[in-house]
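K.L.:
Below is model-v2.txt; it holds compact mmCIF, N, CA, C and O atoms.
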# COMPACT_ATOMS: atom_id res chain seq x y z
N MET P 213 49.33 121.02 105.18
CA MET P 213 49.14 121.86 106.32
C MET P 213 49.58 123.26 105.94
O MET P 213 50.59 123.44 105.27
N VAL P 214 48.83 124.25 106.38
CA VAL P 214 49.18 125.64 106.12
C VAL P 214 49.02 126.43 107.41
O VAL P 214 48.02 126.29 108.11
N VAL P 215 50.05 127.21 107.73
CA VAL P 215 50.00 128.12 108.87
C VAL P 215 50.31 129.52 108.34
O VAL P 215 51.32 129.71 107.65
N ALA P 216 49.45 130.47 108.64
CA ALA P 216 49.65 131.85 108.17
C ALA P 216 51.01 132.36 108.61
O ALA P 216 51.46 132.08 109.73
N THR P 217 51.65 133.12 107.74
CA THR P 217 52.99 133.64 108.02
C THR P 217 53.06 134.34 109.38
O THR P 217 53.98 134.11 110.15
N ALA P 218 52.09 135.16 109.68
CA ALA P 218 52.10 135.93 110.93
C ALA P 218 51.96 135.03 112.17
O ALA P 218 52.30 135.44 113.28
N GLU P 219 51.48 133.81 111.99
CA GLU P 219 51.25 132.90 113.12
C GLU P 219 52.35 131.87 113.30
O GLU P 219 52.33 131.10 114.26
N ARG P 220 53.34 131.83 112.43
CA ARG P 220 54.38 130.80 112.47
C ARG P 220 55.26 130.88 113.70
O ARG P 220 55.85 129.89 114.10
N LYS P 221 55.35 132.01 114.32
CA LYS P 221 56.19 132.18 115.51
C LYS P 221 55.66 131.42 116.71
O LYS P 221 56.36 131.25 117.70
N HIS P 222 54.43 130.94 116.65
CA HIS P 222 53.81 130.25 117.77
C HIS P 222 54.07 128.74 117.80
O HIS P 222 53.72 128.08 118.77
N GLY P 223 54.65 128.19 116.74
CA GLY P 223 54.95 126.76 116.72
C GLY P 223 53.76 125.87 116.39
O GLY P 223 53.79 124.67 116.66
N TYR P 224 52.70 126.44 115.80
CA TYR P 224 51.51 125.64 115.48
C TYR P 224 51.83 124.51 114.51
O TYR P 224 51.25 123.42 114.62
N GLY P 225 52.75 124.75 113.58
CA GLY P 225 53.11 123.69 112.63
C GLY P 225 53.67 122.47 113.33
O GLY P 225 53.34 121.33 113.00
N TYR P 226 54.52 122.70 114.34
CA TYR P 226 55.08 121.59 115.12
C TYR P 226 53.98 120.88 115.89
O TYR P 226 53.94 119.65 115.94
N ASP P 227 53.08 121.65 116.47
CA ASP P 227 51.97 121.06 117.23
C ASP P 227 51.09 120.19 116.33
O ASP P 227 50.73 119.07 116.69
N ILE P 228 50.77 120.72 115.15
CA ILE P 228 49.93 119.97 114.21
C ILE P 228 50.63 118.70 113.75
O ILE P 228 50.03 117.61 113.73
N MET P 229 51.90 118.80 113.39
CA MET P 229 52.63 117.62 112.91
C MET P 229 52.82 116.58 114.02
O MET P 229 52.65 115.39 113.77
N ASN P 230 53.16 117.02 115.22
CA ASN P 230 53.33 116.06 116.32
C ASN P 230 52.01 115.35 116.64
O ASN P 230 52.00 114.14 116.86
N ALA P 231 50.90 116.08 116.61
CA ALA P 231 49.59 115.46 116.83
C ALA P 231 49.27 114.48 115.70
O ALA P 231 48.72 113.40 115.95
N SER P 232 49.63 114.85 114.47
CA SER P 232 49.37 113.97 113.32
C SER P 232 50.19 112.69 113.40
O SER P 232 49.68 111.60 113.13
N ILE P 233 51.45 112.82 113.78
CA ILE P 233 52.32 111.65 113.92
C ILE P 233 51.76 110.72 114.99
O ILE P 233 51.66 109.50 114.79
N LYS P 234 51.37 111.26 116.12
CA LYS P 234 50.79 110.45 117.21
C LYS P 234 49.50 109.78 116.76
O LYS P 234 49.24 108.62 117.09
N ALA P 235 48.66 110.50 115.99
CA ALA P 235 47.40 109.94 115.52
C ALA P 235 47.64 108.77 114.56
O ALA P 235 46.94 107.75 114.64
N VAL P 236 48.62 108.89 113.68
CA VAL P 236 48.94 107.80 112.76
C VAL P 236 49.42 106.59 113.54
O VAL P 236 49.00 105.46 113.28
N GLU P 237 50.29 106.81 114.52
CA GLU P 237 50.79 105.71 115.34
C GLU P 237 49.66 105.04 116.12
O GLU P 237 49.56 103.81 116.16
N LYS P 238 48.79 105.83 116.73
CA LYS P 238 47.72 105.29 117.57
C LYS P 238 46.62 104.62 116.73
O LYS P 238 46.19 103.50 117.05
N ASN P 239 46.15 105.29 115.70
CA ASN P 239 44.99 104.80 114.96
C ASN P 239 45.32 103.76 113.89
O ASN P 239 44.45 102.98 113.53
N PHE P 240 46.55 103.77 113.40
CA PHE P 240 46.92 102.85 112.33
C PHE P 240 48.04 101.90 112.73
O PHE P 240 48.41 101.02 111.96
N GLY P 241 48.62 102.11 113.90
CA GLY P 241 49.71 101.25 114.35
C GLY P 241 50.95 101.38 113.49
O GLY P 241 51.78 100.47 113.46
N GLU P 242 51.10 102.49 112.81
CA GLU P 242 52.24 102.72 111.92
C GLU P 242 53.24 103.67 112.56
O GLU P 242 52.87 104.68 113.14
N THR P 243 54.50 103.32 112.45
CA THR P 243 55.55 104.22 112.91
C THR P 243 56.34 104.78 111.73
O THR P 243 57.12 105.71 111.89
N SER P 244 56.14 104.21 110.54
CA SER P 244 56.79 104.69 109.33
C SER P 244 55.79 105.57 108.58
O SER P 244 54.69 105.13 108.25
N ILE P 245 56.19 106.81 108.33
CA ILE P 245 55.31 107.78 107.67
C ILE P 245 56.09 108.42 106.53
O ILE P 245 57.24 108.82 106.70
N ALA P 246 55.45 108.53 105.37
CA ALA P 246 56.05 109.20 104.22
C ALA P 246 55.19 110.40 103.85
O ALA P 246 53.96 110.36 103.97
N LEU P 247 55.84 111.46 103.41
CA LEU P 247 55.11 112.64 102.97
C LEU P 247 55.85 113.34 101.86
O LEU P 247 57.05 113.14 101.66
N SER P 248 55.13 114.16 101.13
CA SER P 248 55.69 114.98 100.06
C SER P 248 55.82 116.39 100.62
O SER P 248 54.82 117.04 100.90
N ALA P 249 57.05 116.84 100.80
CA ALA P 249 57.31 118.14 101.44
C ALA P 249 57.80 119.17 100.43
O ALA P 249 58.60 118.84 99.55
N GLN P 250 57.32 120.39 100.57
CA GLN P 250 57.90 121.45 99.77
C GLN P 250 59.38 121.55 100.16
O GLN P 250 59.72 121.51 101.34
N THR P 251 60.24 121.65 99.17
CA THR P 251 61.68 121.58 99.38
C THR P 251 62.17 122.57 100.44
O THR P 251 63.01 122.23 101.26
N TYR P 252 61.62 123.76 100.46
CA TYR P 252 62.11 124.76 101.41
C TYR P 252 61.79 124.41 102.86
O TYR P 252 62.33 125.01 103.79
N LEU P 253 60.95 123.40 103.08
CA LEU P 253 60.58 122.99 104.43
C LEU P 253 61.33 121.75 104.93
O LEU P 253 60.97 121.18 105.96
N LYS P 254 62.40 121.35 104.22
CA LYS P 254 63.14 120.15 104.63
C LYS P 254 63.64 120.24 106.07
O LYS P 254 63.52 119.28 106.81
N ARG P 255 64.18 121.36 106.47
CA ARG P 255 64.69 121.49 107.85
C ARG P 255 63.58 121.33 108.89
O ARG P 255 63.78 120.74 109.94
N PHE P 256 62.42 121.88 108.59
CA PHE P 256 61.26 121.74 109.48
C PHE P 256 60.96 120.25 109.68
O PHE P 256 60.84 119.78 110.81
N TYR P 257 60.83 119.52 108.58
CA TYR P 257 60.51 118.09 108.68
C TYR P 257 61.67 117.28 109.27
O TYR P 257 61.43 116.32 110.01
N ASN P 258 62.92 117.67 108.99
CA ASN P 258 64.07 117.01 109.62
C ASN P 258 63.97 117.11 111.13
O ASN P 258 64.26 116.15 111.85
N SER P 259 63.55 118.27 111.63
CA SER P 259 63.45 118.47 113.08
C SER P 259 62.38 117.58 113.71
O SER P 259 62.41 117.36 114.92
N LEU P 260 61.49 117.04 112.89
CA LEU P 260 60.44 116.14 113.38
C LEU P 260 60.81 114.67 113.16
O LEU P 260 60.02 113.78 113.41
N GLY P 261 62.03 114.43 112.68
CA GLY P 261 62.51 113.06 112.49
C GLY P 261 62.38 112.52 111.09
O GLY P 261 62.66 111.34 110.85
N PHE P 262 61.97 113.33 110.12
CA PHE P 262 61.85 112.89 108.74
C PHE P 262 63.19 113.07 108.04
O PHE P 262 63.92 114.02 108.31
N ILE P 263 63.50 112.14 107.12
CA ILE P 263 64.71 112.26 106.32
C ILE P 263 64.33 112.23 104.84
O ILE P 263 63.34 111.60 104.45
N GLU P 264 65.13 112.91 104.04
CA GLU P 264 64.89 113.02 102.62
C GLU P 264 65.17 111.69 101.92
O GLU P 264 66.17 111.03 102.21
N LYS P 265 64.29 111.30 101.01
CA LYS P 265 64.46 110.10 100.20
C LYS P 265 64.30 110.49 98.74
O LYS P 265 63.25 110.96 98.34
N GLY P 266 65.34 110.33 97.98
CA GLY P 266 65.27 110.65 96.56
C GLY P 266 65.53 112.12 96.28
O GLY P 266 65.86 112.90 97.17
N GLY P 267 65.34 112.47 95.03
CA GLY P 267 65.63 113.82 94.59
C GLY P 267 64.41 114.71 94.55
O GLY P 267 63.28 114.29 94.81
N GLU P 268 64.66 115.93 94.18
CA GLU P 268 63.61 116.94 94.09
C GLU P 268 62.75 116.69 92.86
O GLU P 268 63.23 116.22 91.83
N TYR P 269 61.46 116.99 92.95
CA TYR P 269 60.53 116.86 91.83
C TYR P 269 59.49 117.97 91.94
O TYR P 269 59.34 118.59 92.99
N LEU P 270 58.81 118.21 90.84
CA LEU P 270 57.76 119.23 90.84
C LEU P 270 56.41 118.59 91.14
O LEU P 270 56.07 117.56 90.57
N GLU P 271 55.67 119.22 92.02
CA GLU P 271 54.29 118.83 92.32
C GLU P 271 53.48 120.12 92.24
O GLU P 271 53.75 121.07 92.99
N ASP P 272 52.55 120.18 91.31
CA ASP P 272 51.77 121.40 91.07
C ASP P 272 52.68 122.59 90.79
O ASP P 272 52.39 123.72 91.19
N GLY P 273 53.81 122.33 90.12
CA GLY P 273 54.74 123.39 89.76
C GLY P 273 55.61 123.90 90.90
O GLY P 273 56.32 124.88 90.75
N ILE P 274 55.57 123.22 92.05
CA ILE P 274 56.33 123.63 93.24
C ILE P 274 57.36 122.54 93.55
O ILE P 274 57.00 121.35 93.59
N PRO P 275 58.64 122.89 93.81
CA PRO P 275 59.65 121.89 94.14
C PRO P 275 59.30 121.16 95.45
O PRO P 275 59.01 121.80 96.46
N HIS P 276 59.32 119.84 95.37
CA HIS P 276 59.03 118.98 96.52
C HIS P 276 60.11 117.90 96.65
O HIS P 276 60.87 117.65 95.73
N VAL P 277 60.10 117.23 97.79
CA VAL P 277 60.97 116.09 98.04
C VAL P 277 60.22 115.10 98.92
O VAL P 277 59.43 115.50 99.78
N MET P 278 60.43 113.80 98.65
CA MET P 278 59.82 112.77 99.49
C MET P 278 60.59 112.69 100.79
O MET P 278 61.83 112.71 100.81
N MET P 279 59.87 112.62 101.91
CA MET P 279 60.51 112.51 103.23
C MET P 279 59.85 111.37 103.98
O MET P 279 58.64 111.15 103.86
N VAL P 280 60.66 110.64 104.77
CA VAL P 280 60.18 109.47 105.49
C VAL P 280 60.64 109.54 106.93
O VAL P 280 61.76 109.94 107.24
N LYS P 281 59.73 109.14 107.81
CA LYS P 281 60.04 109.01 109.25
C LYS P 281 59.82 107.55 109.60
O LYS P 281 58.74 107.01 109.42
N ASP P 282 60.86 106.88 110.06
CA ASP P 282 60.75 105.46 110.46
C ASP P 282 60.64 105.31 111.95
O ASP P 282 61.07 106.10 112.71
I need this file expressed as structure tokens, please.
P.N.:
Amino acid sequence: MVVATAERKHGYGYDIMNASIKAVEKNFGETSIALSAQTYLKRFYNSLGFIEKGGEYLEDGIPHVMMVKD
């Protein structure tokens, strides 16, 4: 997901993620979701109920961390 820097003040990222979480729960019956997050966005994903699992790793040369929401 990408939100332009100038548009981040509107909370679109939260809206997109909350809609995505609901869609996964509704369409797949899953409440456990894992994602690969850019490390600098850990607090954003924490606020949505995701917790860090494991250490930092590079993905496409960018620091990432696995995050899971149960």
K.L.:
Pick out each residue of region 239-270 of chain P that DSSP on the backbone tags as strand (DSSP E or B); I need them as a PDB file with N, CA, C and O atoms, keeping the file's coordinate frame.
P.N.:
ATOM      1  N   ILE P 245      56.190 106.810 108.330  1.00  0.00           N
ATOM      2  CA  ILE P 245      55.310 107.780 107.670  1.00  0.00           C
ATOM      3  C   ILE P 245      56.090 108.420 106.530  1.00  0.00           C
ATOM      4  O   ILE P 245      57.240 108.820 106.700  1.00  0.00           O
ATOM      5  N   ALA P 246      55.450 108.530 105.370  1.00  0.00           N
ATOM      6  CA  ALA P 246      56.050 109.200 104.220  1.00  0.00           C
ATOM      7  C   ALA P 246      55.190 110.400 103.850  1.00  0.00           C
ATOM      8  O   ALA P 246      53.960 110.360 103.970  1.00  0.00           O
ATOM      9  N   LEU P 247      55.840 111.460 103.410  1.00  0.00           N
ATOM     10  CA  LEU P 247      55.110 112.640 102.970  1.00  0.00           C
ATOM     11  C   LEU P 247      55.850 113.340 101.860  1.00  0.00           C
ATOM     12  O   LEU P 247      57.050 113.140 101.660  1.00  0.00           O
ATOM     13  N   SER P 248      55.130 114.160 101.130  1.00  0.00           N
ATOM     14  CA  SER P 248      55.690 114.980 100.060  1.00  0.00           C
ATOM     15  C   SER P 248      55.820 116.390 100.620  1.00  0.00           C
ATOM     16  O   SER P 248      54.820 117.040 100.900  1.00  0.00           O
ATOM     17  N   ALA P 249      57.050 116.840 100.800  1.00  0.00           N
ATOM     18  CA  ALA P 249      57.310 118.140 101.440  1.00  0.00           C
ATOM     19  C   ALA P 249      57.800 119.170 100.430  1.00  0.00           C
ATOM     20  O   ALA P 249      58.600 118.840  99.550  1.00  0.00           O
ATOM     21  N   GLN P 250      57.320 120.390 100.570  1.00  0.00           N
ATOM     22  CA  GLN P 250      57.900 121.450  99.770  1.00  0.00           C
ATOM     23  C   GLN P 250      59.380 121.550 100.160  1.00  0.00           C
ATOM     24  O   GLN P 250      59.720 121.510 101.340  1.00  0.00           O
ATOM     25  N   ILE P 263      63.500 112.140 107.120  1.00  0.00           N
ATOM     26  CA  ILE P 263      64.710 112.260 106.320  1.00  0.00           C
ATOM     27  C   ILE P 263      64.330 112.230 104.840  1.00  0.00           C
ATOM     28  O   ILE P 263      63.340 111.600 104.450  1.00  0.00           O
ATOM     29  N   GLU P 264      65.130 112.910 104.040  1.00  0.00           N
ATOM     30  CA  GLU P 264      64.890 113.020 102.620  1.00  0.00           C
ATOM     31  C   GLU P 264      65.170 111.690 101.920  1.00  0.00           C
ATOM     32  O   GLU P 264      66.170 111.030 102.210  1.00  0.00           O
ATOM     33  N   LYS P 265      64.290 111.300 101.010  1.00  0.00           N
ATOM     34  CA  LYS P 265      64.460 110.100 100.200  1.00  0.00           C
ATOM     35  C   LYS P 265      64.300 110.490  98.740  1.00  0.00           C
ATOM     36  O   LYS P 265      63.250 110.960  98.340  1.00  0.00           O
ATOM     37  N   GLY P 266      65.340 110.330  97.980  1.00  0.00           N
ATOM     38  CA  GLY P 266      65.270 110.650  96.560  1.00  0.00           C
ATOM     39  C   GLY P 266      65.530 112.120  96.280  1.00  0.00           C
ATOM     40  O   GLY P 266      65.860 112.900  97.170  1.00  0.00           O
ATOM     41  N   GLY P 267      65.340 112.470  95.030  1.00  0.00           N
ATOM     42  CA  GLY P 267      65.630 113.820  94.590  1.00  0.00           C
ATOM     43  C   GLY P 267      64.410 114.710  94.550  1.00  0.00           C
ATOM     44  O   GLY P 267      63.280 114.290  94.810  1.00  0.00           O
ATOM     45  N   GLU P 268      64.660 115.930  94.180  1.00  0.00           N
ATOM     46  CA  GLU P 268      63.610 116.940  94.090  1.00  0.00           C
ATOM     47  C   GLU P 268      62.750 116.690  92.860  1.00  0.00           C
ATOM     48  O   GLU P 268      63.230 116.220  91.830  1.00  0.00           O
ATOM     49  N   TYR P 269      61.460 116.990  92.950  1.00  0.00           N
ATOM     50  CA  TYR P 269      60.530 116.860  91.830  1.00  0.00           C
ATOM     51  C   TYR P 269      59.490 117.970  91.940  1.00  0.00           C
ATOM     52  O   TYR P 269      59.340 118.590  92.990  1.00  0.00           O
ATOM     53  N   LEU P 270      58.810 118.210  90.840  1.00  0.00           N
ATOM     54  CA  LEU P 270      57.760 119.230  90.840  1.00  0.00           C
ATOM     55  C   LEU P 270      56.410 118.590  91.140  1.00  0.00           C
ATOM     56  O   LEU P 270      56.070 117.560  90.570  1.00  0.00           O
TER      57      LEU P 270
END
K.L.:
Given 5 Å on each side, where is the centre and what are the edge lengths in Å to one decimal of the axis-aligned box enclosing the listed atoms of region 223-241 of chain P, as lines of an AutoDock Vina configuration file?
P.N.:
center_x = 49.8
center_y = 114.3
center_z = 114.8
size_x = 20.6
size_y = 37.7
size_z = 15.6
K.L.:
Extract, using all atoms listed in the file, all DNA, RNA and protein residues at most 7 Å from Ser248 (chain P), discarding same-chain residues fewer than 4 positions from it, and format them as a VMD selection string.
P.N.:
chain P and resid 276 to 279
K.L.:
Could you make a table, as a tab-separated table, of the residues of region 233-252 of chain P that have an atom within 8 Å of an atom of region 264-269 of chain P, each with its nearest atom pair and distance in Å to one decimal, counting only N, CA, C and O atoms, in chain and number order?
P.N.:
residue	atom	partner	partner_atom	distance
P:Leu247	O	P:Lys265	O	7.4
P:Ala249	O	P:Tyr269	O	6.6
P:Gln250	CA	P:Tyr269	O	7.5
P:Thr251	N	P:Tyr269	O	7.0
K.L.:
Generate a file of the selected residues that holds N, CA, C and O atoms, formatted as a PDB file, in the coordinates of the input.
P.N.:
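Output contents, as saved in out_18.pdb:
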ATOM      1  N   LEU P 247      55.840 111.460 103.410  1.00  0.00           N
ATOM      2  CA  LEU P 247      55.110 112.640 102.970  1.00  0.00           C
ATOM      3  C   LEU P 247      55.850 113.340 101.860  1.00  0.00           C
ATOM      4  O   LEU P 247      57.050 113.140 101.660  1.00  0.00           O
ATOM      5  N   ALA P 249      57.050 116.840 100.800  1.00  0.00           N
ATOM      6  CA  ALA P 249      57.310 118.140 101.440  1.00  0.00           C
ATOM      7  C   ALA P 249      57.800 119.170 100.430  1.00  0.00           C
ATOM      8  O   ALA P 249      58.600 118.840  99.550  1.00  0.00           O
ATOM      9  N   GLN P 250      57.320 120.390 100.570  1.00  0.00           N
ATOM     10  CA  GLN P 250      57.900 121.450  99.770  1.00  0.00           C
ATOM     11  C   GLN P 250      59.380 121.550 100.160  1.00  0.00           C
ATOM     12  O   GLN P 250      59.720 121.510 101.340  1.00  0.00           O
ATOM     13  N   THR P 251      60.240 121.650  99.170  1.00  0.00           N
ATOM     14  CA  THR P 251      61.680 121.580  99.380  1.00  0.00           C
ATOM     15  C   THR P 251      62.170 122.570 100.440  1.00  0.00           C
ATOM     16  O   THR P 251      63.010 122.230 101.260  1.00  0.00           O
TER      17      THR P 251
END
K.L.:
Around (61.5, 109.6, 107.4) in the file's frame, which residues reach within 5 Å when counting only N, CA, C and O atoms? Return as a PyMOL selection string?
P.N.:
chain P and resi 245+261-263+279-282
K.L.:
Generate the output file for the selected residues, N, CA, C and O atoms, as a tab-separated table (two decimals), keeping the file's coordinate frame.
P.N.:
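Listed below is the output, part-v1.tsv:
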chain	number	residue	atom	x	y	z
P	245	ILE	N	56.19	106.81	108.33
P	245	ILE	CA	55.31	107.78	107.67
P	245	ILE	C	56.09	108.42	106.53
P	245	ILE	O	57.24	108.82	106.70
P	261	GLY	N	62.03	114.43	112.68
P	261	GLY	CA	62.51	113.06	112.49
P	261	GLY	C	62.38	112.52	111.09
P	261	GLY	O	62.66	111.34	110.85
P	262	PHE	N	61.97	113.33	110.12
P	262	PHE	CA	61.85	112.89	108.74
P	262	PHE	C	63.19	113.07	108.04
P	262	PHE	O	63.92	114.02	108.31
P	263	ILE	N	63.50	112.14	107.12
P	263	ILE	CA	64.71	112.26	106.32
P	263	ILE	C	64.33	112.23	104.84
P	263	ILE	O	63.34	111.60	104.45
P	279	MET	N	59.87	112.62	101.91
P	279	MET	CA	60.51	112.51	103.23
P	279	MET	C	59.85	111.37	103.98
P	279	MET	O	58.64	111.15	103.86
P	280	VAL	N	60.66	110.64	104.77
P	280	VAL	CA	60.18	109.47	105.49
P	280	VAL	C	60.64	109.54	106.93
P	280	VAL	O	61.76	109.94	107.24
P	281	LYS	N	59.73	109.14	107.81
P	281	LYS	CA	60.04	109.01	109.25
P	281	LYS	C	59.82	107.55	109.60
P	281	LYS	O	58.74	107.01	109.42
P	282	ASP	N	60.86	106.88	110.06
P	282	ASP	CA	60.75	105.46	110.46
P	282	ASP	C	60.64	105.31	111.95
P	282	ASP	O	61.07	106.10	112.71
K.L.:
Could you jot down the CA of Leu253 (chain P) to atom C of Pro275 (chain P) separation for me, Å, one decimal place?
P.N.:
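We find that CA of Leu253 (chain P) and atom C of Pro275 (chain P) lie 9.3 Å from each other.
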K.L.:
Report the distance between atom C of Ala235 (chain P) and atom N of Gly273 (chain P) in Å, rounded to one decimal place.
P.N.:
28.6 Å
K.L.:
Based on the backbone DSSP call, show me all residues of chain P assigned alpha helix (DSSP H), as a list of chain:residue names.
P.N.:
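Here are the alpha helix (DSSP H) residues of chain P: P:Tyr224, P:Gly225, P:Tyr226, P:Asp227, P:Ile228, P:Met229, P:Asn230, P:Ala231, P:Ser232, P:Ile233, P:Lys234, P:Ala235, P:Val236, P:Glu237, P:Lys238, P:Asn239, P:Phe240, P:Lys254, P:Arg255, P:Phe256, P:Tyr257, P:Asn258.
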K.L.:
State, in Å with one decimal place, the distance from CA of Ser259 (chain P) to CA of Gly241 (chain P).
P.N.:
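Distance reported for this atom pair: 22.1 Å.
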